[in-house]
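Engineer: Contents of my_file_11.cif (mmCIF, C-alpha atoms) are given next:
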```cif
data_model
loop_
_atom_site.label_atom_id
_atom_site.label_comp_id
_atom_site.auth_asym_id
_atom_site.auth_seq_id
_atom_site.Cartn_x
_atom_site.Cartn_y
_atom_site.Cartn_z
CA MET A 1 11.74 240.83 -34.92
CA ALA A 2 12.00 242.72 -38.21
CA GLY A 3 9.24 242.15 -40.72
CA ARG A 4 6.85 240.67 -38.12
CA LYS A 5 3.40 242.18 -37.58
CA GLN A 6 2.69 243.61 -34.14
CA ASP A 7 -0.46 241.53 -33.57
CA ASP A 8 1.12 238.23 -34.57
CA LYS A 9 0.71 235.46 -31.98
CA ILE A 10 3.73 233.59 -30.66
CA LEU A 11 2.17 230.14 -30.65
CA ASN A 12 -0.53 230.67 -33.26
CA PRO A 13 0.11 233.30 -35.93
CA LEU A 14 -3.48 233.03 -37.19
CA LYS A 15 -6.02 235.65 -36.16
CA ARG A 16 -8.76 234.78 -33.68
CA LYS A 17 -12.15 234.18 -35.13
CA ILE A 18 -15.51 233.02 -33.86
CA LEU A 19 -16.44 229.66 -35.28
CA ARG A 20 -20.10 229.81 -34.20
CA ARG A 21 -22.20 231.75 -36.66
CA ARG A 22 -25.24 232.25 -34.35
CA PHE A 23 -26.28 232.21 -30.64
CA SER A 24 -29.60 230.95 -29.33
CA THR A 25 -32.15 233.33 -27.85
CA ALA A 26 -31.98 231.48 -24.47
CA GLU A 27 -28.25 232.15 -24.19
CA LEU A 28 -28.71 235.79 -25.03
CA VAL A 29 -31.47 236.20 -22.40
CA PHE A 30 -29.83 234.15 -19.59
CA GLY A 31 -26.70 236.28 -19.35
CA PRO A 32 -28.41 239.58 -18.45
CA LEU A 33 -30.95 237.86 -16.18
CA PHE A 34 -28.22 236.12 -14.19
CA LEU A 35 -26.39 239.39 -13.66
CA VAL A 36 -29.61 241.02 -12.43
CA LEU A 37 -30.17 238.11 -10.01
CA LEU A 38 -26.68 238.51 -8.52
CA VAL A 39 -27.29 242.22 -8.01
CA LEU A 40 -30.60 241.55 -6.21
CA VAL A 41 -29.04 238.93 -3.88
CA GLY A 42 -26.25 241.32 -2.97
CA ALA A 43 -28.72 244.11 -2.27
CA TRP A 44 -30.80 241.79 -0.02
CA ILE A 45 -27.75 240.84 2.01
CA VAL A 46 -26.78 244.50 2.48
CA LEU A 47 -30.29 245.48 3.56
CA GLN A 48 -30.60 242.64 6.09
CA LYS A 49 -27.44 243.43 8.08
CA ASN A 50 -28.43 242.92 11.76
CA ASN A 51 -32.09 242.41 11.06
CA TYR A 52 -32.06 238.99 12.81
CA ASP A 53 -34.94 237.46 14.76
CA PRO A 54 -33.94 234.21 16.56
CA GLY A 55 -37.57 233.30 16.86
CA GLU A 56 -37.86 233.01 13.10
CA ARG A 57 -34.71 231.07 12.30
CA ASP A 58 -33.53 229.23 15.46
CA ILE A 59 -34.75 225.82 16.64
CA ALA A 60 -37.65 226.16 19.03
CA PHE A 61 -36.71 226.16 22.72
CA THR A 62 -39.19 223.39 23.44
CA GLN A 63 -37.52 221.25 20.79
CA LEU A 64 -34.09 221.84 22.32
CA GLN A 65 -35.45 220.91 25.74
CA GLU A 66 -36.97 217.68 24.47
CA ASP A 67 -33.73 216.61 22.75
CA SER A 68 -31.37 217.55 25.58
CA VAL A 69 -29.36 214.89 27.51
CA GLU A 70 -30.13 214.70 31.19
CA ASP A 71 -26.95 214.97 33.27
CA ASN A 72 -27.26 214.13 36.95
CA LEU A 73 -24.55 215.37 39.25
CA TYR A 74 -24.98 212.30 41.49
CA ARG A 75 -24.69 208.81 40.13
CA ARG A 76 -25.31 205.72 42.21
CA PRO A 77 -22.22 203.50 42.54
CA VAL A 78 -22.20 200.23 40.62
CA GLU A 79 -23.34 197.39 42.82
CA LEU A 80 -21.26 194.24 43.21
CA TRP A 81 -22.42 191.52 40.84
CA ILE A 82 -23.92 188.51 42.59
CA GLU A 83 -24.16 185.32 40.60
CA PRO A 84 -27.79 184.16 40.44
CA GLY A 85 -28.41 181.41 42.96
CA THR A 86 -25.59 182.42 45.31
CA ALA A 87 -26.08 183.71 48.82
CA LEU A 88 -24.70 186.89 50.32
CA ALA A 89 -23.04 186.18 53.65
CA GLY A 90 -21.36 188.88 55.71
CA GLY A 91 -21.47 191.31 52.81
CA VAL A 92 -19.36 188.98 50.64
CA PRO A 93 -21.04 187.00 47.86
CA SER A 94 -20.66 183.24 48.05
CA VAL A 95 -19.05 182.32 44.73
CA ASP A 96 -18.58 178.94 43.14
CA LEU A 97 -14.86 178.23 42.74
CA GLY A 98 -15.32 174.69 41.49
CA ILE A 99 -12.62 172.39 42.85
CA LEU A 100 -10.68 175.35 44.28
CA PRO A 101 -10.95 176.00 48.02
CA SER A 102 -13.62 178.58 48.84
CA SER A 103 -11.27 179.99 51.48
CA LEU A 104 -9.23 181.60 48.70
CA VAL A 105 -11.76 184.44 48.81
CA GLY A 106 -11.82 186.49 51.99
CA GLU A 107 -9.77 188.76 54.25
CA GLY A 108 -10.04 191.55 51.71
CA TRP A 109 -9.26 189.36 48.70
CA GLN A 110 -12.08 189.10 46.18
CA LEU A 111 -12.56 187.20 42.96
CA ASP A 112 -11.67 189.43 40.01
CA GLY A 113 -13.80 188.18 37.14
CA ARG A 114 -14.92 184.58 37.07
CA LEU A 115 -13.45 181.12 37.36
CA GLU A 116 -12.09 180.18 33.93
CA SER A 117 -11.85 176.56 32.81
CA TYR A 118 -10.01 175.11 29.83
CA ASP A 119 -9.60 171.60 28.46
CA ALA A 120 -7.30 170.00 25.90
CA SER A 121 -9.28 171.45 22.99
CA ASN A 122 -8.85 175.11 23.96
CA LEU A 123 -5.85 175.26 26.32
CA TYR A 124 -3.93 177.16 23.62
CA GLU A 125 -6.32 180.08 24.10
CA LYS A 126 -4.87 180.67 27.56
CA ILE A 127 -1.23 179.65 27.14
CA ASN A 128 -0.63 179.77 23.42
CA GLY A 129 2.84 178.45 22.62
CA ALA A 130 3.19 176.42 25.82
CA ALA A 131 0.13 174.18 25.61
CA GLU A 132 1.96 171.32 23.88
CA GLN A 133 4.21 170.70 26.87
CA TYR A 134 1.24 170.35 29.22
CA LEU A 135 -0.61 168.11 26.76
CA ALA A 136 2.45 165.85 26.51
CA TYR A 137 2.19 165.20 30.25
CA GLY A 138 -1.44 164.11 30.39
CA PHE A 139 -3.23 167.47 30.72
CA THR A 140 -7.02 167.29 31.10
CA GLU A 141 -8.19 170.59 32.65
CA LEU A 142 -7.02 174.05 33.74
CA ASN A 143 -8.84 176.09 36.39
CA TYR A 144 -7.77 179.75 36.39
CA VAL A 145 -8.77 182.54 38.79
CA THR A 146 -7.58 186.04 39.61
CA LEU A 147 -7.88 187.46 43.12
CA ALA A 148 -7.74 191.18 43.87
CA GLN A 149 -7.20 193.33 46.93
CA GLY A 150 -7.06 196.97 45.94
CA ASP A 151 -4.15 197.33 43.52
CA ASN A 152 -2.80 193.87 44.37
CA PHE A 153 -3.59 190.93 42.11
CA ILE A 154 -2.78 187.21 42.29
CA THR A 155 -3.51 184.58 39.65
CA LEU A 156 -3.82 180.87 40.31
CA GLU A 157 -3.38 178.27 37.56
CA LEU A 158 -4.35 174.75 38.60
CA TYR A 159 -3.59 172.08 35.99
CA ASP A 160 -4.99 168.57 36.22
CA GLN A 161 -2.23 166.41 34.72
CA THR A 162 -3.95 163.07 35.48
CA SER A 163 -1.23 161.54 37.68
CA PHE A 164 1.64 162.30 40.02
CA PRO A 165 4.33 161.10 37.55
CA ASN A 166 2.99 163.50 34.92
CA VAL A 167 3.08 166.36 37.41
CA LEU A 168 6.64 165.57 38.44
CA GLY A 169 7.68 165.20 34.80
CA LEU A 170 6.21 168.60 33.95
CA PHE A 171 7.79 170.12 37.05
CA SER A 172 11.20 168.80 36.00
CA ALA A 173 10.73 169.82 32.35
CA GLN A 174 10.04 173.40 33.45
CA GLY A 175 13.19 173.57 35.56
CA GLY A 176 11.69 172.85 38.95
CA GLY A 177 14.70 170.77 39.94
CA THR A 178 16.98 173.79 39.70
CA HIS A 179 15.27 175.49 42.66
CA GLU A 180 15.16 174.80 46.37
CA VAL A 181 12.14 172.54 46.61
CA LYS A 182 10.02 172.57 49.76
CA LYS A 183 7.64 169.87 50.98
CA ASN A 184 4.26 170.15 52.69
CA GLY A 185 2.99 166.64 53.18
CA ASP A 186 2.65 165.18 49.69
CA MET A 187 2.91 168.64 48.14
CA PHE A 188 6.18 169.88 46.67
CA TYR A 189 6.86 173.44 45.53
CA PHE A 190 9.38 176.24 45.29
CA THR A 191 8.77 179.90 45.95
CA THR A 192 9.34 182.84 43.63
CA PRO A 193 9.53 186.56 44.51
CA ILE A 194 5.83 186.87 43.60
CA GLY A 195 4.37 183.42 44.22
CA ALA A 196 5.02 179.69 44.05
CA ILE A 197 5.11 176.74 41.62
CA GLY A 198 4.58 173.12 42.57
CA GLY A 199 2.48 170.00 42.51
CA LEU A 200 0.22 167.79 44.57
CA GLY A 201 -0.97 164.40 43.36
CA ASN A 202 -2.42 164.93 39.90
CA TYR A 203 -2.37 168.74 40.20
CA TYR A 204 0.30 171.15 39.01
CA PHE A 205 -0.12 174.74 40.18
CA LYS A 206 1.31 178.19 39.55
CA ILE A 207 0.67 181.17 41.81
CA SER A 208 1.78 184.57 40.55
CA GLY A 209 1.25 188.09 41.92
CA ASN A 210 1.64 191.44 40.21
CA ASN A 211 4.20 192.78 42.70
CA GLU A 212 6.48 191.75 45.58
CA SER A 213 4.56 193.53 48.34
CA ASP A 214 3.98 191.85 51.70
CA PRO A 215 0.21 191.37 51.15
CA VAL A 216 0.85 189.57 47.84
CA VAL A 217 3.61 187.32 49.21
CA GLU A 218 1.59 186.48 52.34
CA LYS A 219 -1.49 185.65 50.27
CA ALA A 220 0.57 183.47 47.93
CA MET A 221 1.92 181.43 50.84
CA SER A 222 -1.57 181.18 52.30
CA MET A 223 -2.84 179.84 48.97
CA VAL A 224 -0.13 177.15 49.00
CA GLN A 225 -1.38 175.95 52.39
CA GLU A 226 -4.99 175.97 51.19
CA LEU A 227 -4.14 173.97 48.06
CA ALA A 228 -2.46 171.31 50.21
CA ALA A 229 -5.95 170.22 51.31
CA LEU A 230 -7.14 169.49 47.76
CA PRO A 231 -8.46 165.95 47.22
CA VAL A 232 -6.19 164.29 44.66
CA SER A 233 -6.57 161.38 42.29
CA GLY A 234 -4.51 159.60 39.67
CA GLY A 235 -3.33 156.62 41.72
CA GLY A 236 -0.70 156.35 44.42
CA ILE A 237 3.00 157.11 44.43
CA PRO A 238 4.80 154.86 41.88
CA LEU A 239 7.23 152.23 43.17
CA PRO A 240 10.27 153.63 41.28
CA TYR A 241 9.74 157.02 42.91
CA ARG A 242 9.42 155.48 46.37
CA MET A 243 12.60 153.49 45.80
CA LEU A 244 14.53 156.61 44.82
CA THR A 245 13.33 158.77 47.70
CA ASP A 246 12.79 156.31 50.56
CA ARG A 247 15.49 153.70 49.96
CA LEU A 248 18.15 155.31 47.80
CA ASP A 249 17.88 158.66 49.63
CA VAL A 250 17.80 160.69 46.43
CA ALA A 251 16.84 164.32 47.00
CA PHE A 252 13.50 165.28 45.49
CA LYS A 253 14.97 167.97 43.25
CA GLN A 254 17.32 165.40 41.68
CA ILE A 255 14.53 163.09 40.50
CA SER A 256 13.21 163.44 36.97
CA TYR A 257 10.53 161.58 35.08
CA ILE A 258 10.43 160.99 31.33
CA LYS A 259 6.95 160.11 30.15
CA ASP A 260 7.77 159.30 26.51
CA ASN A 261 10.82 158.56 24.37
CA ALA A 262 13.25 157.65 27.12
CA PHE A 263 16.77 157.34 25.65
CA GLN A 264 15.17 158.69 22.43
CA TYR A 265 13.31 155.39 21.87
CA ASP A 266 9.58 155.63 21.28
CA PHE A 267 8.97 152.19 22.82
CA LEU A 268 10.35 153.30 26.20
CA THR A 269 7.91 155.24 28.37
CA GLU A 270 7.60 156.19 32.04
CA PHE A 271 11.25 156.08 33.11
CA TRP A 272 12.57 157.61 36.33
CA PHE A 273 16.07 159.08 36.57
CA ALA A 274 18.42 160.30 39.30
CA PRO A 275 22.15 161.15 39.44
CA LEU A 276 24.49 158.26 40.16
CA GLY A 277 26.22 160.38 42.77
CA ASP A 278 29.75 160.09 41.43
CA GLY A 279 30.03 163.80 40.70
CA GLY A 280 29.70 163.27 36.95
CA ASP A 281 26.86 163.03 34.47
CA ALA A 282 26.11 159.36 35.11
CA ARG A 283 22.57 158.57 36.19
CA ILE A 284 20.56 155.60 37.38
CA PHE A 285 17.17 154.77 35.92
CA LEU A 286 14.14 152.75 36.99
CA HIS A 287 11.05 151.58 35.14
CA GLN A 288 8.10 149.47 36.19
CA ALA A 289 6.36 147.79 33.27
CA GLY A 290 2.80 146.54 33.23
CA SER A 291 3.94 142.92 33.53
CA ALA A 292 7.04 140.74 33.58
CA ASP A 293 6.53 139.82 29.92
CA GLU A 294 6.30 143.48 28.95
CA ALA A 295 9.46 144.22 30.93
CA ALA A 296 11.29 141.37 29.17
CA ALA A 297 10.25 142.67 25.75
CA ARG A 298 11.35 146.21 26.53
CA PHE A 299 14.61 144.99 28.03
CA GLY A 300 15.43 143.04 24.87
CA SER A 301 14.55 145.95 22.57
CA LEU A 302 16.63 148.38 24.64
CA VAL A 303 19.73 146.17 24.54
CA GLU A 304 19.30 145.58 20.81
CA GLU A 305 19.03 149.31 20.04
CA GLN A 306 21.93 150.30 22.28
CA ALA A 307 24.16 147.72 20.59
CA TYR A 308 24.28 149.95 17.49
CA GLU A 309 26.43 152.51 19.34
CA TYR A 310 27.80 150.40 22.19
CA GLU A 311 29.94 147.27 22.36
CA LEU A 312 28.39 144.44 24.34
CA GLN A 313 30.55 143.43 27.29
CA VAL A 314 27.97 141.25 29.05
CA ASN A 315 24.85 139.89 27.37
CA GLU A 316 22.68 137.74 29.61
CA PRO A 317 18.90 137.15 29.57
CA GLU A 318 18.35 139.59 32.45
CA ARG A 319 21.54 141.66 32.44
CA ALA A 320 23.59 143.51 29.86
CA VAL A 321 26.67 145.71 30.10
CA LEU A 322 27.71 147.82 27.13
CA GLN A 323 30.55 150.28 26.50
CA HIS A 324 30.20 153.26 24.18
CA GLU A 325 32.42 152.92 21.13
CA TYR A 326 33.84 156.46 21.36
CA LEU A 327 33.04 157.89 24.80
CA LYS A 328 33.97 154.62 26.53
CA THR A 329 31.21 155.18 29.11
CA ILE A 330 29.27 152.23 30.49
CA PHE A 331 25.58 151.50 30.01
CA ALA A 332 24.36 148.68 32.26
CA VAL A 333 20.78 147.42 32.46
CA SER A 334 19.06 144.61 34.34
CA ARG A 335 15.57 143.20 34.68
CA ARG A 336 13.79 141.59 37.60
CA GLY A 337 10.12 140.74 37.30
CA ASP A 338 8.30 143.80 35.96
CA MET A 339 11.19 146.14 36.85
CA ILE A 340 13.90 147.44 34.51
CA TYR A 341 16.78 149.30 36.14
CA GLY A 342 20.31 150.33 35.33
CA VAL A 343 22.93 153.04 35.02
CA ASP A 344 23.79 155.26 32.06
CA GLY A 345 27.13 157.03 31.60
CA ALA A 346 29.18 155.30 34.32
CA GLY A 347 32.91 155.87 34.12
CA ASP A 348 33.88 152.20 34.39
CA PRO A 349 32.27 148.74 34.70
CA ALA A 350 32.97 148.56 38.43
CA ALA A 351 30.93 151.72 39.12
CA ALA A 352 28.09 150.40 36.98
CA GLU A 353 28.07 147.02 38.76
CA ALA A 354 28.09 148.76 42.15
CA ALA A 355 25.08 150.87 41.13
CA LEU A 356 23.17 147.80 39.95
CA ALA A 357 23.97 145.97 43.18
CA ARG A 358 22.72 148.90 45.25
CA ILE A 359 19.44 149.06 43.32
CA GLU A 360 18.92 145.31 43.66
CA GLU A 361 19.53 145.56 47.39
CA VAL A 362 16.76 148.12 47.90
CA MET A 363 14.44 146.25 45.53
CA THR A 364 14.42 143.34 47.92
CA GLY A 365 12.71 145.45 50.56
CA ALA A 366 10.63 147.62 48.21
#
```
Would it be possible to restate this file's structure as structure tokens?
Structural biologist:
Amino acid sequence: MAGRKQDDKILNPLKRKILRRRFSTAELVFGPLFLVLLVLVGAWIVLQKNNYDPGERDIAFTQLQEDSVEDNLYRRPVELWIEPGTALAGGVPSVDLGILPSSLVGEGWQLDGRLESYDASNLYEKINGAAEQYLAYGFTELNYVTLAQGDNFITLELYDQTSFPNVLGLFSAQGGGTHEVKKNGDMFYFTTPIGAIGGLGNYYFKISGNNESDPVVEKAMSMVQELAALPVSGGGIPLPYRMLTDRLDVAFKQISYIKDNAFQYDFLTEFWFAPLGDGGDARIFLHQAGSADEAAARFGSLVEEQAYEYELQVNEPERAVLQHEYLKTIFAVSRRGDMIYGVDGAGDPAAAEAALARIEEVMTGA
């Protein structure tokens, strides 16, 4: 630009100037000395070149030998763990399987890991998300084992549900009645492609393999037979169940057991149900109370509660017939001694009365 000096600065038109008026002697001496030092270091590097003696700079060979890791080409195989206090018979360790049959182990099948046991306080650790259903049906203990034969594995879950009704209730709640149920003495079960699910007395079991191979399926069926010999507890077979199976000829898969909140009432527990057999949704029900007085009290409470949604057609001390206000289905209930029985959802009063008469007929010989 015209009129502008050649040495003018774009951002700062003022001339440069040193603000410090003096420099210390140390600063003046350090600069030249540092340059001399750099020159000497460079000269030393150039002179060294390949003048390298490993003996002077490397780690001593003896030190390397002392710190080296010994690597053996042959390693002894890991020996099979034997639980202290167990005997070794025929090359197979005798393991403690608790209440489970010892015959589960053998013929090439070995215990993989240890027997695992769970109670009500820690069942969720094994079946988190499903524990509540087992607890609702009287769960006390789970014994869990895994058996292995090469690449084949089978797990066994044995649940102690306290009593046969609890086992049957759990079996029904988990859809057991939708399968073809087989019987082996007092045991009932159905098979799956990789195992079996069933119950015996107070025990509910699940057998599950990791594939559908013949060895797995054969072992699963063998385990079912071995479990059939388990000693059971929890009382005998309840009278309502015997009436349904032995006298009313109801198929096992059609029987269900509701432990709590039958008909959605918290005062009704331990009710047995089966289809009426009319091709519809009607069902008969049976309940054995602890005493005749208890049965009378429950009978009265049931009729009173049902009357809120049903119209009373018959209301006698030991018999009541009600019709639903909107669905027009029939709910009939009777009491005899400590037994409460009836029909729910019948299409008409005649069908309900016929069902009650049939139940009363078999009760006479029960």
Engineer: Any chance you could resolve the PyMOL selection byres ((chain A and resi 233-249) around 10) against this file and give the residues as a ChimeraX atom specification?
Structural biologist: /A:160-166,186,200-203,230-232,250-252,254-257,270-274,284-288,339-341,358-359,361-363,365-366
Engineer: Which residues are close to Val105 in chain A, i.e. within 12 Å by only C-alpha atoms, leaving aside same-chain residues fewer than 3 positions away? Reply as a ChimeraX atom specification.
Structural biologist: /A:92-97,100-102,108-112,145-149,154,219,222-223,226
Engineer: Save out the residues we just selected, C-alpha atoms, as a short mmCIF file (atom, residue, chain, number, x, y, z; two decimals), in the frame of the given file.
Structural biologist:
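Final output, out-v3.cif:
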```
data_model
loop_
_atom_site.label_atom_id
_atom_site.label_comp_id
_atom_site.auth_asym_id
_atom_site.auth_seq_id
_atom_site.Cartn_x
_atom_site.Cartn_y
_atom_site.Cartn_z
CA VAL A 92 -19.36 188.98 50.64
CA PRO A 93 -21.04 187.00 47.86
CA SER A 94 -20.66 183.24 48.05
CA VAL A 95 -19.05 182.32 44.73
CA ASP A 96 -18.58 178.94 43.14
CA LEU A 97 -14.86 178.23 42.74
CA LEU A 100 -10.68 175.35 44.28
CA PRO A 101 -10.95 176.00 48.02
CA SER A 102 -13.62 178.58 48.84
CA GLY A 108 -10.04 191.55 51.71
CA TRP A 109 -9.26 189.36 48.70
CA GLN A 110 -12.08 189.10 46.18
CA LEU A 111 -12.56 187.20 42.96
CA ASP A 112 -11.67 189.43 40.01
CA VAL A 145 -8.77 182.54 38.79
CA THR A 146 -7.58 186.04 39.61
CA LEU A 147 -7.88 187.46 43.12
CA ALA A 148 -7.74 191.18 43.87
CA GLN A 149 -7.20 193.33 46.93
CA ILE A 154 -2.78 187.21 42.29
CA LYS A 219 -1.49 185.65 50.27
CA SER A 222 -1.57 181.18 52.30
CA MET A 223 -2.84 179.84 48.97
CA GLU A 226 -4.99 175.97 51.19
#
```
Engineer: So, with only C-alpha atoms as the atoms that count, which of A:Val216, A:Leu38, A:Ala282, A:Leu28 lies closest to Gly347 in chain A?
Structural biologist: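 So, comparing all the options, the nearest one is A:Ala282.
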Engineer: Measuring atom to atom with all atoms listed in the file, identify which of A:Gly280, A:Gly198, A:Pro32, A:Pro215 is nearest to Gly345 in chain A.
Structural biologist: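 Distance minimum relative to Gly345 in chain A lands on A:Gly280.
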Engineer: Quick one, how far is CA of Ser291 in chain A from CA of Leu168 in chain A?
Structural biologist: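 For CA of Ser291 in chain A relative to CA of Leu168 in chain A, the distance reads 23.3 Å.
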Engineer: Please write as a list in words the full residue list that the PyMOL selection byres ((chain A and resi 119) around 8) yields on this file.
Structural biologist: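 Going through the file, the PyMOL selection byres ((chain A and resi 119) around 8) ends up selecting Ser117, Tyr118, Ala120, Ser121, Asn122, Leu123, Phe139, Thr140, Glu141 and Leu142 of chain A.
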